[in-house]
Amino acid sequence: MALAPRHLISLSDLDDGVLDEVLELSARLKRRTGRGELAGKTIGMLFFRGSLRTRASLETAVLQLGGSVVNLTAMSDFWELEEREGSVMDGRAPEHIKDAAAVLSRYVHALAIRPAPLGNSWDVDRRDERIRAWAKYATVPVMNMESSLWHPLQALADVLTLKERLGDPRGKELAITWVHSPTPASPSAVHSLLHAALRFGMRVRLAHPAGFELDGGVLSEAEDLARASGGTLRRELSLEEAVRGARVVYARSWQSLETYGNPTLTASQRSRHIGWRIDEKLLASGQDAYLMHAMPVRRNVEVTDEVLDGPRSLLYEQAANRLPTQMALLVNLLR
Amino acid sequence: MALAPRHLISLSDLDDGVLDEVLELSARLKRRTGRGELAGKTIGMLFFRGSLRTRASLETAVLQLGGSVVNLTAMSDFWELEEREGSVMDGRAPEHIKDAAAVLSRYVHALAIRPAPLGNSWDVDRRDERIRAWAKYATVPVMNMESSLWHPLQALADVLTLKERLGDPRGKELAITWVHSPTPASPSAVHSLLHAALRFGMRVRLAHPAGFELDGGVLSEAEDLARASGGTLRRELSLEEAVRGARVVYARSWQSLETYGNPTLTASQRSRHIGWRIDEKLLASGQDAYLMHAMPVRRNVEVTDEVLDGPRSLLYEQAANRLPTQMALLVNLLR
Amino acid sequence: MALAPRHLISLSDLDDGVLDEVLELSARLKRRTGRGELAGKTIGMLFFRGSLRTRASLETAVLQLGGSVVNLTAMSDFWELEEREGSVMDGRAPEHIKDAAAVLSRYVHALAIRPAPLGNSWDVDRRDERIRAWAKYATVPVMNMESSLWHPLQALADVLTLKERLGDPRGKELAITWVHSPTPASPSAVHSLLHAALRFGMRVRLAHPAGFELDGGVLSEAEDLARASGGTLRRELSLEEAVRGARVVYARSWQSLETYGNPTLTASQRSRHIGWRIDEKLLASGQDAYLMHAMPVRRNVEVTDEVLDGPRSLLYEQAANRLPTQMALLVNLLR
C-alpha cells in the first residue's frame, strides 16, 4: 500500500475541511439512499464490548452503501491479544495485535473496533493503547467505535443534529450536564462532543458535581480549540446555571475519573448526586432548549419521561443521524 | 411514517385474503429464485433465545431476495430491557424497549424477534408482553420468531406443506398429538397450527395426556374458528383414537402448562407418559397418514427412526418450506 | 439432487487435476477481484470452536465473489448434536446431526464446519467423526474448517505460497519443525501440509522432540505419497539437522498425541523442550530459507521477533493466500 491508511481515533483525525465534507455528504445521504459507494468493499467489525446503536447503525450504513460486513465476535478468551512490542509471549495471549491487524488488513478494506478498557486506572486507560495499537499495525483504515477517551462516531451524529436544528452553531449556547445513573458511561461521548462543539465556535457550559471533572488533557485541548475558534468554555457550573438560557442541553452520566477503578467508592460518591436529573421545569429555563443524549437513557433517573417523550427531545434524531454520518465517513475514509 | 406498520405476532394478524396471497406467493417462490424483491432492505434480527431452523431459514430468505441482515446478538446481560411504561429505571435494565425499538426502527426496515419467556408463570408468559412491547413501539414491521404463545412462521410452512400434500385441506383429518420428550418445547407451534388448520376447515383431533391441555384462550378461539370455517375440533382423545384414520399426524412434545415453572413436578409428571411415541404400527392405523413435526425431534423417543426415515415423513419438506413462506411473508410485510 | 455433493474433508478429496485447477484459479483470483461467481449463493458457517483467520478469510472470500454468508453461532449447549446412528435420544442432545444437516442443506448451498474435538482420546478424535457425519448427511458440499486430523484450507494457502516463492516445489527441501508453545495447536495443519508437499514431490524433513510424533496413519500415508511422487520424507531429525540447507522452514507447535487428554503430563513433557525455537542464527543455516507458520504465533517463544519481522518471513503472505485459495475452492465445489 503506497500511502499510510487514514484512521479515525478521535475527531482531531479529521481536519476542518474533511469534517465539513463529511457533514455535507451526510446531509446529502439523508435525502437519497446509497448508490453502491462501497460495492465490493468488506468492513471488519471487532467488538471487545457490547453495542446496540453503534453495531446496528454501522452495519446498516455499510450494507446500505452496497458493502458487506464481517462481524468478528471478539468477546471471548480466544481474543486475548498482546499489545506490547518485543514481549516474550508465554502468557495468556496467543497472538499479538501486530499480527492480527496485519492479517485482517489483508482480508478487509477497513476495521471498525470497539476496545474494552482494563478498568483499573484512568491514567492507563486514557492512553487508548489498544485502539492505537490496531491503528499502528493495520494497513487499512481503523475506525474507533468508542474507546475510553473518544467516541467520534457519536460526536459526528451529534454535530449533524446540532447543525440541523440550530443552523450555524457558532456562538450558540450548549449546556453539557452530568446526570445521575447507577450505571454511568465512559466520558468518551462528552469528550468528543466538547471538542467538536468548540471547533464550531459554540459557547459551551459544563456542569457536573465535584469529583466528576472530565479528563484533564481533553479539557486543556478544549481551551485551545475555543481560543482558535472564538468559542467559549465555562466550567464548574451548577446544573441550573448551565441550563439557564441554553439552546441545547446535552445530558450524560459519566463515571468519576477520580474514583475510577474503585467500584465501592464510586457508588457511594455517585449516590450523593441523585438530584442531577433533567425534568420539564429545568428544561424550561433554557431558551426553547432542546434535549440531547447519546443513549441508552435511564428514564426517570437521568431524564423524566415527560421530557423524553416531549417535543424538545432530539434523542431519536441523534440516533438516526448515526446512519448518514457513518455512511459519509466510510465513503470518505475508503475512497 | 404515514401508516402504522403491519406486524406478525400471530397468524390472526393476516386476514384470509392476505394469508392466501402469502401462500400463493410461497408456491411461486419455490419454482424460481428471488429477483431482488428486498434489494436495499435490511432486516434486523434479535434472538433472546437460540435458534437453528428459524435463524438459518430467515437469514437465507432475506439474502435470497437480495436484502441484507443485521443479526444483533441479544443473549447477554447487556440486552436487559425495561418494558413497563413509566417505570423509574434504577434497576438492572439500562434501556427501555420503547427506546431500543424506536432507534432500531430508524436503521432497519423490519425487526424479527425471538423473545425469551420468564419461565415462572404461564399466566404471565402467555401474555407475550415482550414481543408485544416491541410491536407497540417499533415503527417498522415486527415479525415474531416464536413467542410463548405463537409460532406463526412455523405454521405458515406447515400449512404450505399440508396444501402441497392434501390439496385443499378442507374436511381432511389432522391428528395433533403430544409425544414424550425429556426437553419438551413451548406449545407455540401447536397453537399456531391449530388455528391455521381450523381456518382452513380441517377436522382436527387433539391428543395428549391429562395435564397437558393447550392454553385455554387458544382453545376457545379455536372453537370459534372451527364454527366459522366448518372445521371441527375433537379433544381429549387417546393417541390411538387421534391417529386412526387421520391423513396427517402432527407430533409435538409440549410442556405442561399446569406445572409450568415447577421443573421437579414437570419432570415427574412427564415421565409417566413415555409411551406417547409414534412408531410404524401406530402410523399405519392412519389413512395413508403422513407424519409432520416442527423439529428438533428426539429420534426413538418422540418418533422412531423407521418412521422418520421412511416415505411418510414430511419433516424435511416442512423445514424446507420455511424458506419460501418466509420469503413471501417478507415481500408482503415490506411492500 | 442428482449427484452426490463433493466435500472437502482432507486434501485427498481433491485429485491431482482438481488440485492444480484450484491453485491456478487461486493465482488468477489474486490478480483480479471476483466477478460474482457466487451470486445468489449462500454459505452456512458453523463454528464449534473459535476462529480468527479462517472465519474472516472465508467470509470475505464468499462476499468478494458476490455470495452471502449465514454464520450460525454454534458454540453453546443448544448445539449439542447426536451423531450415532440409531441411538435412543433421551440424553442431552435434542437433535441428530442427520436432521440438522438435512435441514441446513435445504437452506444453503454449502456448509463450512469447524468441529470441536472431545479432547479425551486421540484414537477417538483422529476419526473426525463429527465432520464426517456432517458430510455423510448433508446434501450440499461440506468444507472442513479444521478438524482434529486435517486443515485442508490452510494447506491450500501454504502450497500456493510455496509455489509462488519456489516455483515448482519438486525436489525442494522443506523442513517441518515442532516449536515450543504453552498452548500448542492440533497437528492438523502439519498433517495436511505434509501430504500436500509430498504430493508435489518435495523433500521433507520432519523434526520434533521424542513423544511428539505425528499421527501414525498420516505418516504411513505420507510414505505412500512420497513413493508415488518421487518426494522424500526424513524423520526424527533434530531441529538443527532439519533446518540446515532447507529452502523453507515451516514451524508449528503441536500437542503430543502420546499424552493427549492428560493436561498435567502434557505440560510437564512440553516444558522440557523450550529450546525448540526459531531464531536468526538457526534460520541462517538454511539455504536462503524462508520461514512459514500457520499462525497464531507466540512471538519470542516459537519464533523470535527478529525472524518474524525480517525479510524471510512469509507469514502474512500465507495468511493473505487464504483468500484466493478459498475463493477458488468455493468456485470449484459449487459449480
# chains A, B, ... in the order shown; residues from 1 in each chain; ligands from 1
call {"tool": "residues_around", "arguments": {"residues": "stretch 168-175 of chain A", "least_positions_apart": "2", "cutoff": "8 Å", "atoms": "only C-alpha atoms", "output": "ChimeraX atom specification"}}
result
/A:162-163,166,177,197,200-207,231,242-243,245-250
call {"tool": "write_last_selection", "arguments": {"atoms": "C-alpha atoms", "output": "compact mmCIF listing (two decimals), in the first residue's frame"}}
result
# COMPACT_ATOMS: atom_id res chain seq x y z
CA LEU A 162 -26.93 20.49 16.16
CA LYS A 163 -26.47 21.95 12.68
CA LEU A 166 -29.52 25.46 15.10
CA THR A 177 -24.53 18.40 32.00
CA ALA A 197 -18.68 21.99 19.64
CA PHE A 200 -17.55 25.05 15.58
CA GLY A 201 -17.28 28.08 17.88
CA MET A 202 -20.10 27.24 20.28
CA ARG A 203 -20.43 28.71 23.76
CA VAL A 204 -20.20 25.63 25.96
CA ARG A 205 -21.23 25.43 29.62
CA LEU A 206 -20.12 22.38 31.55
CA ALA A 207 -21.89 21.21 34.71
CA GLY A 231 -15.88 29.67 21.12
CA ALA A 242 -25.67 25.58 32.86
CA VAL A 243 -29.21 25.12 31.57
CA GLY A 245 -30.69 30.30 28.63
CA ALA A 246 -29.10 27.37 26.79
CA ARG A 247 -30.31 26.45 23.30
CA VAL A 248 -29.36 22.80 23.74
CA VAL A 249 -28.95 20.70 26.88
CA TYR A 250 -26.78 17.61 26.38
call {"tool": "residues_around", "arguments": {"residues": "stretch 306-309 of chain A", "least_positions_apart": "5", "cutoff": "8 Å", "atoms": "only C-alpha atoms", "output": "JSON, numbers by chain"}}
result
{"A": [278, 279, 280, 291, 299, 315]}
call {"tool": "residues_around", "arguments": {"residues": "stretch 89-105 of chain A", "least_positions_apart": "5", "cutoff": "10 Å", "atoms": "only C-alpha atoms", "output": "MDAnalysis selection string"}}
result
(chainID A and resid 44 77:84 110:111 130:131 133:142) or (chainID C and resid 52:53 56:57 180:184 295:302 308 315:320)
call {"tool": "atom_distance", "arguments": {"atom1": "atom CA of C:Asp13", "atom2": "atom CA of C:Leu333"}}
result
10.9 Å
call {"tool": "atom_distance", "arguments": {"atom1": "atom CA of C:Gln64", "atom2": "atom CA of C:Lys30"}}
result
11.7 Å
call {"tool": "select_by_dssp", "arguments": {"residues": "stretch 163-226 of chain A", "states": "alpha helix (DSSP H)", "output": "MDAnalysis selection string"}}
result
chainID A and resid 163:166 188:199 216:226
call {"tool": "write_last_selection", "arguments": {"atoms": "N, CA and C atoms", "output": "PDB file, in the first residue's frame"}}
result
ATOM      1  N   LYS A 163     -26.416  21.089  13.861  1.00  0.00           N
ATOM      2  CA  LYS A 163     -26.467  21.954  12.683  1.00  0.00           C
ATOM      3  C   LYS A 163     -27.873  21.957  12.068  1.00  0.00           C
ATOM      4  N   GLU A 164     -28.516  20.802  12.055  1.00  0.00           N
ATOM      5  CA  GLU A 164     -29.872  20.742  11.503  1.00  0.00           C
ATOM      6  C   GLU A 164     -30.838  21.601  12.311  1.00  0.00           C
ATOM      7  N   ARG A 165     -30.654  21.645  13.631  1.00  0.00           N
ATOM      8  CA  ARG A 165     -31.609  22.334  14.496  1.00  0.00           C
ATOM      9  C   ARG A 165     -31.252  23.793  14.743  1.00  0.00           C
ATOM     10  N   LEU A 166     -29.948  24.102  14.749  1.00  0.00           N
ATOM     11  CA  LEU A 166     -29.519  25.462  15.099  1.00  0.00           C
ATOM     12  C   LEU A 166     -29.017  26.247  13.901  1.00  0.00           C
ATOM     13  N   SER A 188     -16.373   9.339  27.143  1.00  0.00           N
ATOM     14  CA  SER A 188     -15.896   9.431  25.757  1.00  0.00           C
ATOM     15  C   SER A 188     -16.805  10.277  24.861  1.00  0.00           C
ATOM     16  N   ALA A 189     -18.117  10.060  24.933  1.00  0.00           N
ATOM     17  CA  ALA A 189     -19.020  10.792  24.039  1.00  0.00           C
ATOM     18  C   ALA A 189     -18.969  12.286  24.347  1.00  0.00           C
ATOM     19  N   VAL A 190     -18.872  12.617  25.642  1.00  0.00           N
ATOM     20  CA  VAL A 190     -18.820  14.024  26.036  1.00  0.00           C
ATOM     21  C   VAL A 190     -17.486  14.650  25.629  1.00  0.00           C
ATOM     22  N   HIS A 191     -16.409  13.911  25.784  1.00  0.00           N
ATOM     23  CA  HIS A 191     -15.105  14.414  25.325  1.00  0.00           C
ATOM     24  C   HIS A 191     -15.151  14.785  23.844  1.00  0.00           C
ATOM     25  N   SER A 192     -15.670  13.860  23.033  1.00  0.00           N
ATOM     26  CA  SER A 192     -15.670  14.114  21.586  1.00  0.00           C
ATOM     27  C   SER A 192     -16.606  15.267  21.234  1.00  0.00           C
ATOM     28  N   LEU A 193     -17.773  15.313  21.885  1.00  0.00           N
ATOM     29  CA  LEU A 193     -18.706  16.405  21.612  1.00  0.00           C
ATOM     30  C   LEU A 193     -18.112  17.747  22.021  1.00  0.00           C
ATOM     31  N   LEU A 194     -17.473  17.790  23.188  1.00  0.00           N
ATOM     32  CA  LEU A 194     -16.885  19.039  23.688  1.00  0.00           C
ATOM     33  C   LEU A 194     -15.921  19.623  22.658  1.00  0.00           C
ATOM     34  N   HIS A 195     -15.047  18.789  22.143  1.00  0.00           N
ATOM     35  CA  HIS A 195     -14.087  19.276  21.146  1.00  0.00           C
ATOM     36  C   HIS A 195     -14.792  19.708  19.865  1.00  0.00           C
ATOM     37  N   ALA A 196     -15.768  18.916  19.437  1.00  0.00           N
ATOM     38  CA  ALA A 196     -16.464  19.257  18.190  1.00  0.00           C
ATOM     39  C   ALA A 196     -17.193  20.586  18.333  1.00  0.00           C
ATOM     40  N   ALA A 197     -17.899  20.768  19.449  1.00  0.00           N
ATOM     41  CA  ALA A 197     -18.682  21.994  19.642  1.00  0.00           C
ATOM     42  C   ALA A 197     -17.766  23.212  19.664  1.00  0.00           C
ATOM     43  N   LEU A 198     -16.610  23.070  20.295  1.00  0.00           N
ATOM     44  CA  LEU A 198     -15.688  24.211  20.375  1.00  0.00           C
ATOM     45  C   LEU A 198     -15.030  24.483  19.025  1.00  0.00           C
ATOM     46  N   ARG A 199     -14.770  23.443  18.255  1.00  0.00           N
ATOM     47  CA  ARG A 199     -14.245  23.679  16.898  1.00  0.00           C
ATOM     48  C   ARG A 199     -15.236  24.491  16.076  1.00  0.00           C
ATOM     49  N   GLY A 216      -8.279  15.758  32.194  1.00  0.00           N
ATOM     50  CA  GLY A 216      -7.505  16.996  32.197  1.00  0.00           C
ATOM     51  C   GLY A 216      -6.908  17.336  30.843  1.00  0.00           C
ATOM     52  N   GLY A 217      -6.386  16.339  30.158  1.00  0.00           N
ATOM     53  CA  GLY A 217      -5.798  16.584  28.847  1.00  0.00           C
ATOM     54  C   GLY A 217      -6.847  17.026  27.842  1.00  0.00           C
ATOM     55  N   VAL A 218      -8.017  16.417  27.911  1.00  0.00           N
ATOM     56  CA  VAL A 218      -9.102  16.779  27.000  1.00  0.00           C
ATOM     57  C   VAL A 218      -9.542  18.218  27.260  1.00  0.00           C
ATOM     58  N   LEU A 219      -9.627  18.591  28.543  1.00  0.00           N
ATOM     59  CA  LEU A 219     -10.046  19.957  28.887  1.00  0.00           C
ATOM     60  C   LEU A 219      -9.025  20.978  28.409  1.00  0.00           C
ATOM     61  N   SER A 220      -7.774  20.650  28.566  1.00  0.00           N
ATOM     62  CA  SER A 220      -6.725  21.582  28.158  1.00  0.00           C
ATOM     63  C   SER A 220      -6.757  21.796  26.639  1.00  0.00           C
ATOM     64  N   GLU A 221      -6.924  20.712  25.896  1.00  0.00           N
ATOM     65  CA  GLU A 221      -7.063  20.864  24.440  1.00  0.00           C
ATOM     66  C   GLU A 221      -8.336  21.628  24.090  1.00  0.00           C
ATOM     67  N   ALA A 222      -9.379  21.445  24.903  1.00  0.00           N
ATOM     68  CA  ALA A 222     -10.638  22.143  24.642  1.00  0.00           C
ATOM     69  C   ALA A 222     -10.436  23.655  24.738  1.00  0.00           C
ATOM     70  N   GLU A 223      -9.659  24.086  25.731  1.00  0.00           N
ATOM     71  CA  GLU A 223      -9.372  25.521  25.872  1.00  0.00           C
ATOM     72  C   GLU A 223      -8.660  26.043  24.622  1.00  0.00           C
ATOM     73  N   ASP A 224      -7.723  25.260  24.113  1.00  0.00           N
ATOM     74  CA  ASP A 224      -7.002  25.660  22.900  1.00  0.00           C
ATOM     75  C   ASP A 224      -7.959  25.788  21.720  1.00  0.00           C
ATOM     76  N   LEU A 225      -8.864  24.807  21.591  1.00  0.00           N
ATOM     77  CA  LEU A 225      -9.815  24.831  20.474  1.00  0.00           C
ATOM     78  C   LEU A 225     -10.719  26.053  20.579  1.00  0.00           C
ATOM     79  N   ALA A 226     -11.136  26.388  21.799  1.00  0.00           N
ATOM     80  CA  ALA A 226     -12.004  27.550  21.998  1.00  0.00           C
ATOM     81  C   ALA A 226     -11.279  28.823  21.565  1.00  0.00           C
TER      82      ALA A 226
END
call {"tool": "residues_around", "arguments": {"residues": "B:Trp254", "least_positions_apart": "2", "cutoff": "7 Å", "atoms": "only C-alpha atoms", "output": "CSV table (one decimal) with all heavy atoms, in the first residue's frame"}}
result
chain,number,residue,atom,x,y,z
B,178,TRP,N,-49.5,-35.0,21.3
B,178,TRP,CA,-48.4,-34.9,22.2
B,178,TRP,C,-47.5,-36.1,22.1
B,178,TRP,O,-48.1,-37.2,21.9
B,178,TRP,CB,-49.0,-34.7,23.6
B,178,TRP,CG,-48.0,-34.3,24.6
B,178,TRP,CD1,-47.6,-33.1,25.0
B,178,TRP,CD2,-47.2,-35.2,25.5
B,178,TRP,NE1,-46.7,-33.1,26.0
B,178,TRP,CE2,-46.4,-34.4,26.3
B,178,TRP,CE3,-47.1,-36.6,25.6
B,178,TRP,CZ2,-45.6,-35.0,27.3
B,178,TRP,CZ3,-46.3,-37.2,26.5
B,178,TRP,CH2,-45.5,-36.4,27.4
B,184,PRO,N,-39.3,-30.9,26.4
B,184,PRO,CA,-40.5,-30.5,25.6
B,184,PRO,C,-40.3,-29.1,25.2
B,184,PRO,O,-39.7,-28.3,25.9
B,184,PRO,CB,-41.7,-30.7,26.5
B,184,PRO,CG,-41.1,-30.6,27.9
B,184,PRO,CD,-39.7,-31.2,27.8
B,185,ALA,N,-41.0,-28.7,24.1
B,185,ALA,CA,-41.0,-27.3,23.6
B,185,ALA,C,-42.1,-26.6,24.2
B,185,ALA,O,-42.9,-27.1,25.0
B,185,ALA,CB,-41.1,-27.4,22.1
B,186,SER,N,-42.2,-25.3,23.8
B,186,SER,CA,-43.4,-24.5,24.1
B,186,SER,C,-44.5,-25.0,23.3
B,186,SER,O,-44.3,-25.6,22.2
B,186,SER,CB,-43.1,-23.0,23.8
B,186,SER,OG,-44.2,-22.4,23.2
B,187,PRO,N,-45.8,-24.8,23.7
B,187,PRO,CA,-46.9,-25.2,22.8
B,187,PRO,C,-47.1,-24.3,21.6
B,187,PRO,O,-48.1,-24.4,20.9
B,187,PRO,CB,-48.1,-25.2,23.7
B,187,PRO,CG,-47.8,-24.3,24.8
B,187,PRO,CD,-46.3,-24.3,25.0
B,252,ARG,N,-45.8,-33.5,18.5
B,252,ARG,CA,-45.0,-32.4,19.2
B,252,ARG,C,-45.0,-32.7,20.7
B,252,ARG,O,-46.1,-33.1,21.2
B,252,ARG,CB,-45.7,-31.1,18.9
B,252,ARG,CG,-44.9,-29.9,19.4
B,252,ARG,CD,-43.7,-29.7,18.7
B,252,ARG,NE,-43.0,-28.4,18.9
B,252,ARG,CZ,-41.8,-28.1,18.4
B,252,ARG,NH1,-41.2,-28.9,17.6
B,252,ARG,NH2,-41.3,-26.9,18.6
B,256,SER,N,-46.1,-29.1,30.0
B,256,SER,CA,-47.4,-28.9,30.7
B,256,SER,C,-47.6,-27.5,31.2
B,256,SER,O,-46.7,-26.9,31.8
B,256,SER,CB,-47.5,-29.8,31.9
B,256,SER,OG,-48.6,-29.5,32.8
call {"tool": "residues_around", "arguments": {"residues": "C:Glu258", "least_positions_apart": "4", "cutoff": "10 Å", "atoms": "only C-alpha atoms", "output": "PyMOL selection string"}}
result
chain C and resi 121-122+210-215+262+265-266
call {"tool": "write_last_selection", "arguments": {"atoms": "N, CA and C atoms", "output": "mmCIF file, in the first residue's frame"}}
result
data_model
loop_
_atom_site.group_PDB
_atom_site.id
_atom_site.type_symbol
_atom_site.label_atom_id
_atom_site.label_comp_id
_atom_site.auth_asym_id
_atom_site.auth_seq_id
_atom_site.Cartn_x
_atom_site.Cartn_y
_atom_site.Cartn_z
ATOM 1 N N SER C 121 -9.305 -38.620 23.964
ATOM 2 C CA SER C 121 -8.527 -39.719 23.395
ATOM 3 C C SER C 121 -8.214 -39.413 21.940
ATOM 4 N N TRP C 122 -6.918 -39.500 21.595
ATOM 5 C CA TRP C 122 -6.557 -39.245 20.201
ATOM 6 C C TRP C 122 -7.126 -40.327 19.287
ATOM 7 N N ALA C 210 11.160 -36.223 21.036
ATOM 8 C CA ALA C 210 10.558 -37.542 21.248
ATOM 9 C C ALA C 210 9.220 -37.354 21.954
ATOM 10 N N GLY C 211 8.230 -38.129 21.556
ATOM 11 C CA GLY C 211 6.909 -38.013 22.173
ATOM 12 C C GLY C 211 5.977 -37.116 21.392
ATOM 13 N N PHE C 212 6.492 -36.465 20.351
ATOM 14 C CA PHE C 212 5.660 -35.560 19.555
ATOM 15 C C PHE C 212 5.497 -36.064 18.123
ATOM 16 N N GLU C 213 5.533 -37.400 17.967
ATOM 17 C CA GLU C 213 5.330 -37.981 16.647
ATOM 18 C C GLU C 213 3.960 -37.557 16.091
ATOM 19 N N LEU C 214 3.915 -37.368 14.791
ATOM 20 C CA LEU C 214 2.628 -37.099 14.145
ATOM 21 C C LEU C 214 1.789 -38.374 14.147
ATOM 22 N N ASP C 215 0.561 -38.252 13.724
ATOM 23 C CA ASP C 215 -0.349 -39.394 13.702
ATOM 24 C C ASP C 215 0.205 -40.519 12.830
ATOM 25 N N ASN C 262 -4.337 -35.706 28.663
ATOM 26 C CA ASN C 262 -3.781 -35.670 30.019
ATOM 27 C C ASN C 262 -3.033 -34.353 30.198
ATOM 28 N N LEU C 265 0.384 -34.186 32.444
ATOM 29 C CA LEU C 265 1.500 -34.867 31.798
ATOM 30 C C LEU C 265 1.971 -34.066 30.587
ATOM 31 N N THR C 266 1.014 -33.545 29.842
ATOM 32 C CA THR C 266 1.315 -32.796 28.632
ATOM 33 C C THR C 266 2.175 -31.580 28.935
#
